[in-house]
Amino acid sequence: MKNKILQMKLAAAGIALGLGMSTAPAMADTNRALEAWKAFAAEENNPRYNKWVELLSDPEAIKLAKEWKDLRGYDAYDLIDKEEIPAELKPGLVITAENKADFPWLPKYLTQETYDAIGASWGNIKKIKIVPSNTYYLHKGYLKGNKAMAEQKTKLSFDETGQPIYKDGSYALLSGPAATALPFLTNPKNGLELNWNNVAASVATDTLEFDSAYMNSCTPDSKADRQYRANLWWWHYHERHNTAPFGDIEGKGDMVEGGAIFMFEPNDVRGLAGVRQRYASGTKEDDFKIFLPSLRRTRLLTGTDSQDPLASGLELSWDDWRGNWIKTNIENFEYNLVGEALILSPTNTMHSTGGLEAFTIDEERCGVDYVEMELRPTYILEQVDKTGKYQYSKLRYYYDKEDYSIATRKTWDPRGNLFRSYVDARDFLPATGVSVWGALIIRNNVSHRTSTMWMDSTWENLDEIVDESMFDVDQLRDYQ
């Protein structure tokens, strides 16, 4: 009986720690994630956990979680219930280099690269603590879009390059309910549908600002050699619901979204500004421009330029920006749904402190001292290069089955060698469903170089702070 022994133990104790049954109130007033966190917080006596319980207990958070569960037909707990979970794998368990071999089941729940990183001499993860699983979802705009698609029985197809389109041939991400929706919400039938759920989720909000983002590059002996500080912005251009300007951004009729960056540190790159905007058409290259302060000129980037590092030494290219910003095109890539997995992934509870306590970068900024992880049900997508010219011959994504965010990912170089692997945590606000990046580590398994990042997100007055000037490189170049 799947998970039966653990369920009986938890029920006997009268608690729910995220992997078993609950003696919770009626689910209209709560949910299993909330009840699991209540029990865990009571045992741990940690103010940060108490704060997370407070955020989960917000009536708006409970309502959103229920509406999304009703719409998709499940939440994470329903899927976890179908699995046989080792009795030791429960909230409170701490995993280190000294004891990881004591858990022979552990490699099943971590990618090999993450398992190897525990106690490694480079890109080290020092300690992992298991916490209760959460239930994740997107903001009300996506909820509205998906409800409308269901009510209108909206069916999408793909054009010759694999872009989602309505029956009339118009691009789904430019107008109508699918412009802000997960277009294939439940049971994506193939890799292309799965890919578009993540792409359409974008940055999971209408407007994003990092003030600032800190990016560090590290040598194979885990010594920091460069640290960058930049501000980043993102705009979702159509069917905007949670941040003004609402509706559509003027002048962006054939574009889906845009991202921008302005570098502050170090001094030799200060003033570098970049803007990249994505056209809906699969045959039209991104509007991608960089202002180079040393030359006092703007450069138009095309083609392979998107494979360049964001900055010297970083294990992050322009196409890795926002997790996956490779332009979808079935002429250039295969998209294969290759399986499903229940994995351990960093918890997205950073909003309980506004800091890095749940994902602590080490003092050298080259490893992770401490990370909290939870069980997540995922789909596995493999994206395979068909051209022989891309920086990655293959990418493997583990997409969360609730919100289709990237739970973890890894890539292979053109020679077929395992290349980069990623572990990252997000900053999720339960009452709104907005979720942004918080921190990550990228390990280069060929060179043994490492990059770490952490981000300070702006949560207030985004409608006043972010405007069209951030997405025009000729204006952004004069920022501050």
# chains A, B, ... in the order shown; residues from 1 in each chain; ligands from 1
>>> residues_around(residues="Tyr115 of chain A", least_positions_apart="6", cutoff="9 Å", atoms="only C-alpha atoms", output="number ranges by chain")
A: 100, 106-107, 125
>>> write_last_selection(atoms="C-alpha atoms", output="PDB file, in the first residue's frame")
ATOM      1  CA  LYS A 100      24.360  10.970   2.608  1.00  0.00           C
ATOM      2  CA  LEU A 106      18.621   9.487  -1.943  1.00  0.00           C
ATOM      3  CA  PRO A 107      19.936   9.376  -5.559  1.00  0.00           C
ATOM      4  CA  ILE A 125      26.383  22.069  -1.124  1.00  0.00           C
TER       5      ILE A 125
END
>>> residues_around(residues="Trp233 of chain A", least_positions_apart="6", cutoff="8 Å", atoms="only C-alpha atoms", output="count of residues only")
9
>>> residues_around(residues="Lys51 of chain A", least_positions_apart="5", cutoff="12 Å", atoms="only C-alpha atoms", output="list in words")
Leu34, Trp37, Lys38, Ala41, Ala42, Asn45, Asn46, Leu56, Ser57, Asp58, Thr349, Met350, His351, Ser352, Thr353, Gly354, Leu429 and Pro430 of chain A
>>> select_by_dssp(residues="segment 196-335 of chain A", states="helix (DSSP H, G or I)", output="ChimeraX atom specification")
/A:196-201,267-269,303-307,318-320
>>> residues_around(residues="Ile326 of chain A", least_positions_apart="4", cutoff="12 Å", atoms="only C-alpha atoms", output="PyMOL selection string")
chain A and resi 195-196+198-199+202+276+278+282+285-286+303-307+317-322+330+332-333+383-385+390-392+395
>>> residues_around(residues="Trp437 of chain A", least_positions_apart="2", cutoff="8 Å", atoms="only C-alpha atoms", output="PyMOL selection string")
chain A and resi 424-427+435+439+455
>>> write_last_selection(atoms="N, CA and C atoms", output="CSV table (one decimal), in the first residue's frame")
chain,number,residue,atom,x,y,z
A,424,ASP,N,18.2,26.0,-7.9
A,424,ASP,CA,17.8,27.4,-7.6
A,424,ASP,C,16.5,27.4,-6.8
A,425,ALA,N,16.3,28.5,-6.0
A,425,ALA,CA,15.2,28.7,-5.2
A,425,ALA,C,14.4,29.9,-5.6
A,426,ARG,N,13.1,30.0,-5.4
A,426,ARG,CA,12.3,31.1,-5.8
A,426,ARG,C,11.7,31.8,-4.6
A,427,ASP,N,11.3,33.0,-4.8
A,427,ASP,CA,10.6,33.8,-3.8
A,427,ASP,C,9.1,33.9,-4.1
A,435,SER,N,5.7,34.7,-8.1
A,435,SER,CA,6.9,34.0,-7.8
A,435,SER,C,8.0,34.5,-8.6
A,439,ALA,N,17.6,32.7,-5.5
A,439,ALA,CA,19.0,32.4,-5.5
A,439,ALA,C,19.3,31.1,-6.3
A,455,MET,N,19.1,37.5,-5.6
A,455,MET,CA,18.4,38.6,-6.2
A,455,MET,C,17.5,39.3,-5.1
>>> select_by_dssp(residues="segment 357-478 of chain A", states="strand (DSSP E or B)", output="JSON, numbers by chain")
{"A": [359, 360, 361, 368, 369, 370, 371, 372, 373, 374, 375, 376, 377, 378, 379, 380, 381, 382, 383, 384, 385, 394, 395, 396, 397, 398, 399, 400, 406, 407, 408, 409, 410, 411, 412, 418, 419, 420, 421, 422, 423, 424, 425, 426, 427, 428, 429, 434, 435, 436, 437, 438, 439, 440, 441, 442, 443, 444, 450, 451, 452, 453, 454, 455, 456, 457]}
>>> write_last_selection(atoms="C-alpha atoms", output="PDB file, in the first residue's frame")
ATOM      1  CA  PHE A 359      19.247  29.061   0.494  1.00  0.00           C
ATOM      2  CA  THR A 360      22.441  30.333   2.074  1.00  0.00           C
ATOM      3  CA  ILE A 361      25.365  31.149  -0.228  1.00  0.00           C
ATOM      4  CA  VAL A 368      25.851  26.731  -0.713  1.00  0.00           C
ATOM      5  CA  ASP A 369      26.191  26.381   3.049  1.00  0.00           C
ATOM      6  CA  TYR A 370      22.562  25.421   3.589  1.00  0.00           C
ATOM      7  CA  VAL A 371      19.487  24.769   1.481  1.00  0.00           C
ATOM      8  CA  GLU A 372      15.999  23.602   2.393  1.00  0.00           C
ATOM      9  CA  MET A 373      14.352  21.193  -0.030  1.00  0.00           C
ATOM     10  CA  GLU A 374      10.911  19.695  -0.506  1.00  0.00           C
ATOM     11  CA  LEU A 375       9.419  16.906  -2.591  1.00  0.00           C
ATOM     12  CA  ARG A 376       8.115  18.073  -5.968  1.00  0.00           C
ATOM     13  CA  PRO A 377       6.255  16.081  -8.661  1.00  0.00           C
ATOM     14  CA  THR A 378       7.708  16.882 -12.081  1.00  0.00           C
ATOM     15  CA  TYR A 379       7.564  16.201 -15.803  1.00  0.00           C
ATOM     16  CA  ILE A 380      10.900  15.660 -17.560  1.00  0.00           C
ATOM     17  CA  LEU A 381      11.520  17.448 -20.852  1.00  0.00           C
ATOM     18  CA  GLU A 382      14.528  16.827 -23.071  1.00  0.00           C
ATOM     19  CA  GLN A 383      15.257  19.494 -25.646  1.00  0.00           C
ATOM     20  CA  VAL A 384      17.664  18.249 -28.318  1.00  0.00           C
ATOM     21  CA  ASP A 385      19.601  20.448 -30.754  1.00  0.00           C
ATOM     22  CA  LYS A 394      20.757  18.562 -25.101  1.00  0.00           C
ATOM     23  CA  LEU A 395      18.933  20.172 -22.191  1.00  0.00           C
ATOM     24  CA  ARG A 396      16.938  18.316 -19.562  1.00  0.00           C
ATOM     25  CA  TYR A 397      14.321  20.213 -17.575  1.00  0.00           C
ATOM     26  CA  TYR A 398      12.322  19.013 -14.595  1.00  0.00           C
ATOM     27  CA  TYR A 399       9.097  21.037 -14.765  1.00  0.00           C
ATOM     28  CA  ASP A 400       6.928  21.281 -11.664  1.00  0.00           C
ATOM     29  CA  ILE A 406      11.841  24.682 -13.494  1.00  0.00           C
ATOM     30  CA  ALA A 407      12.492  22.513 -10.440  1.00  0.00           C
ATOM     31  CA  THR A 408      15.995  21.735 -11.720  1.00  0.00           C
ATOM     32  CA  ARG A 409      17.825  21.469 -15.039  1.00  0.00           C
ATOM     33  CA  LYS A 410      21.063  20.312 -16.638  1.00  0.00           C
ATOM     34  CA  THR A 411      22.714  20.573 -20.040  1.00  0.00           C
ATOM     35  CA  TRP A 412      25.188  18.744 -22.282  1.00  0.00           C
ATOM     36  CA  LEU A 418      27.494  16.769 -19.145  1.00  0.00           C
ATOM     37  CA  PHE A 419      27.927  20.537 -19.007  1.00  0.00           C
ATOM     38  CA  ARG A 420      25.998  22.790 -16.633  1.00  0.00           C
ATOM     39  CA  SER A 421      23.697  21.822 -13.769  1.00  0.00           C
ATOM     40  CA  TYR A 422      21.456  24.166 -11.811  1.00  0.00           C
ATOM     41  CA  VAL A 423      19.981  24.338  -8.313  1.00  0.00           C
ATOM     42  CA  ASP A 424      17.787  27.372  -7.586  1.00  0.00           C
ATOM     43  CA  ALA A 425      15.151  28.679  -5.194  1.00  0.00           C
ATOM     44  CA  ARG A 426      12.320  31.103  -5.841  1.00  0.00           C
ATOM     45  CA  ASP A 427      10.616  33.811  -3.797  1.00  0.00           C
ATOM     46  CA  PHE A 428       6.896  32.958  -3.729  1.00  0.00           C
ATOM     47  CA  LEU A 429       4.133  35.091  -2.188  1.00  0.00           C
ATOM     48  CA  VAL A 434       3.580  35.832  -7.732  1.00  0.00           C
ATOM     49  CA  SER A 435       6.864  33.954  -7.791  1.00  0.00           C
ATOM     50  CA  VAL A 436      10.297  35.328  -8.744  1.00  0.00           C
ATOM     51  CA  TRP A 437      13.848  34.017  -8.585  1.00  0.00           C
ATOM     52  CA  GLY A 438      15.678  34.211  -5.279  1.00  0.00           C
ATOM     53  CA  ALA A 439      19.029  32.415  -5.479  1.00  0.00           C
ATOM     54  CA  LEU A 440      20.864  29.774  -7.478  1.00  0.00           C
ATOM     55  CA  ILE A 441      24.094  27.920  -8.066  1.00  0.00           C
ATOM     56  CA  ILE A 442      25.287  26.803 -11.509  1.00  0.00           C
ATOM     57  CA  ARG A 443      28.005  24.146 -11.688  1.00  0.00           C
ATOM     58  CA  ASN A 444      30.095  23.615 -14.828  1.00  0.00           C
ATOM     59  CA  THR A 450      30.803  27.769 -10.544  1.00  0.00           C
ATOM     60  CA  SER A 451      28.461  30.747 -10.594  1.00  0.00           C
ATOM     61  CA  THR A 452      26.142  31.814  -7.805  1.00  0.00           C
ATOM     62  CA  MET A 453      23.422  34.432  -7.853  1.00  0.00           C
ATOM     63  CA  TRP A 454      20.993  36.024  -5.465  1.00  0.00           C
ATOM     64  CA  MET A 455      18.352  38.619  -6.163  1.00  0.00           C
ATOM     65  CA  ASP A 456      16.603  41.361  -4.191  1.00  0.00           C
ATOM     66  CA  SER A 457      13.119  41.643  -5.667  1.00  0.00           C
TER      67      SER A 457
END
>>> closest_atom_pairs(of="segment 364-443 of chain A", to="segment 134-154 of chain A", cutoff="6 Å", atoms="only C-alpha atoms", output="Markdown table")
| residue | atom | partner | partner_atom | distance |
| --- | --- | --- | --- | --- |
| A:Glu402 | CA | A:Tyr136 | CA | 6.0 |
| A:Asp403 | CA | A:Tyr137 | CA | 5.0 |
| A:Thr432 | CA | A:His139 | CA | 5.6 |
| A:Gly433 | CA | A:His139 | CA | 4.2 |
| A:Val434 | CA | A:His139 | CA | 5.5 |
>>> residues_around(residues="Asp225 of chain A", least_positions_apart="6", cutoff="12 Å", atoms="only C-alpha atoms", output="mmCIF file with N, CA and C atoms, in the first residue's frame")
data_model
loop_
_atom_site.group_PDB
_atom_site.id
_atom_site.type_symbol
_atom_site.label_atom_id
_atom_site.label_comp_id
_atom_site.auth_asym_id
_atom_site.auth_seq_id
_atom_site.Cartn_x
_atom_site.Cartn_y
_atom_site.Cartn_z
ATOM 1 N N MET A 215 25.768 38.565 -9.066
ATOM 2 C CA MET A 215 26.209 37.409 -9.845
ATOM 3 C C MET A 215 27.703 37.214 -9.632
ATOM 4 N N ASN A 216 28.082 35.999 -9.270
ATOM 5 C CA ASN A 216 29.469 35.715 -8.902
ATOM 6 C C ASN A 216 30.032 34.599 -9.765
ATOM 7 N N SER A 217 31.266 34.767 -10.232
ATOM 8 C CA SER A 217 31.953 33.701 -10.954
ATOM 9 C C SER A 217 33.100 33.195 -10.093
ATOM 10 N N CYS A 218 33.298 31.869 -10.135
ATOM 11 C CA CYS A 218 34.257 31.235 -9.238
ATOM 12 C C CYS A 218 35.165 30.270 -9.984
ATOM 13 N N THR A 219 36.394 30.163 -9.522
ATOM 14 C CA THR A 219 37.398 29.294 -10.109
ATOM 15 C C THR A 219 37.154 27.844 -9.673
ATOM 16 N N PRO A 266 31.333 45.286 -11.711
ATOM 17 C CA PRO A 266 32.453 46.173 -11.374
ATOM 18 C C PRO A 266 32.555 47.361 -12.328
ATOM 19 N N SER A 312 31.551 38.213 -18.406
ATOM 20 C CA SER A 312 32.748 37.379 -18.422
ATOM 21 C C SER A 312 32.847 36.511 -17.170
ATOM 22 N N GLY A 313 33.062 35.217 -17.392
ATOM 23 C CA GLY A 313 33.256 34.292 -16.279
ATOM 24 C C GLY A 313 31.999 33.627 -15.770
ATOM 25 N N LEU A 314 30.833 34.181 -16.104
ATOM 26 C CA LEU A 314 29.581 33.623 -15.591
ATOM 27 C C LEU A 314 29.173 32.384 -16.384
ATOM 28 N N GLU A 364 32.474 32.705 0.621
ATOM 29 C CA GLU A 364 33.286 32.925 -0.571
ATOM 30 C C GLU A 364 32.423 33.209 -1.801
ATOM 31 N N ARG A 365 31.101 32.963 -1.686
ATOM 32 C CA ARG A 365 30.121 33.170 -2.752
ATOM 33 C C ARG A 365 30.270 32.143 -3.884
ATOM 34 N N CYS A 366 30.820 30.973 -3.529
ATOM 35 C CA CYS A 366 31.084 29.941 -4.538
ATOM 36 C C CYS A 366 30.396 28.615 -4.248
ATOM 37 N N ARG A 449 34.140 25.226 -12.899
ATOM 38 C CA ARG A 449 33.840 26.583 -12.469
ATOM 39 C C ARG A 449 32.398 26.628 -11.965
ATOM 40 N N THR A 450 32.123 27.630 -11.159
ATOM 41 C CA THR A 450 30.803 27.769 -10.544
ATOM 42 C C THR A 450 30.352 29.219 -10.613
ATOM 43 N N SER A 451 29.048 29.416 -10.749
ATOM 44 C CA SER A 451 28.461 30.747 -10.594
ATOM 45 C C SER A 451 27.353 30.668 -9.559
ATOM 46 N N THR A 452 27.256 31.687 -8.742
ATOM 47 C CA THR A 452 26.142 31.814 -7.805
ATOM 48 C C THR A 452 25.455 33.148 -8.049
#
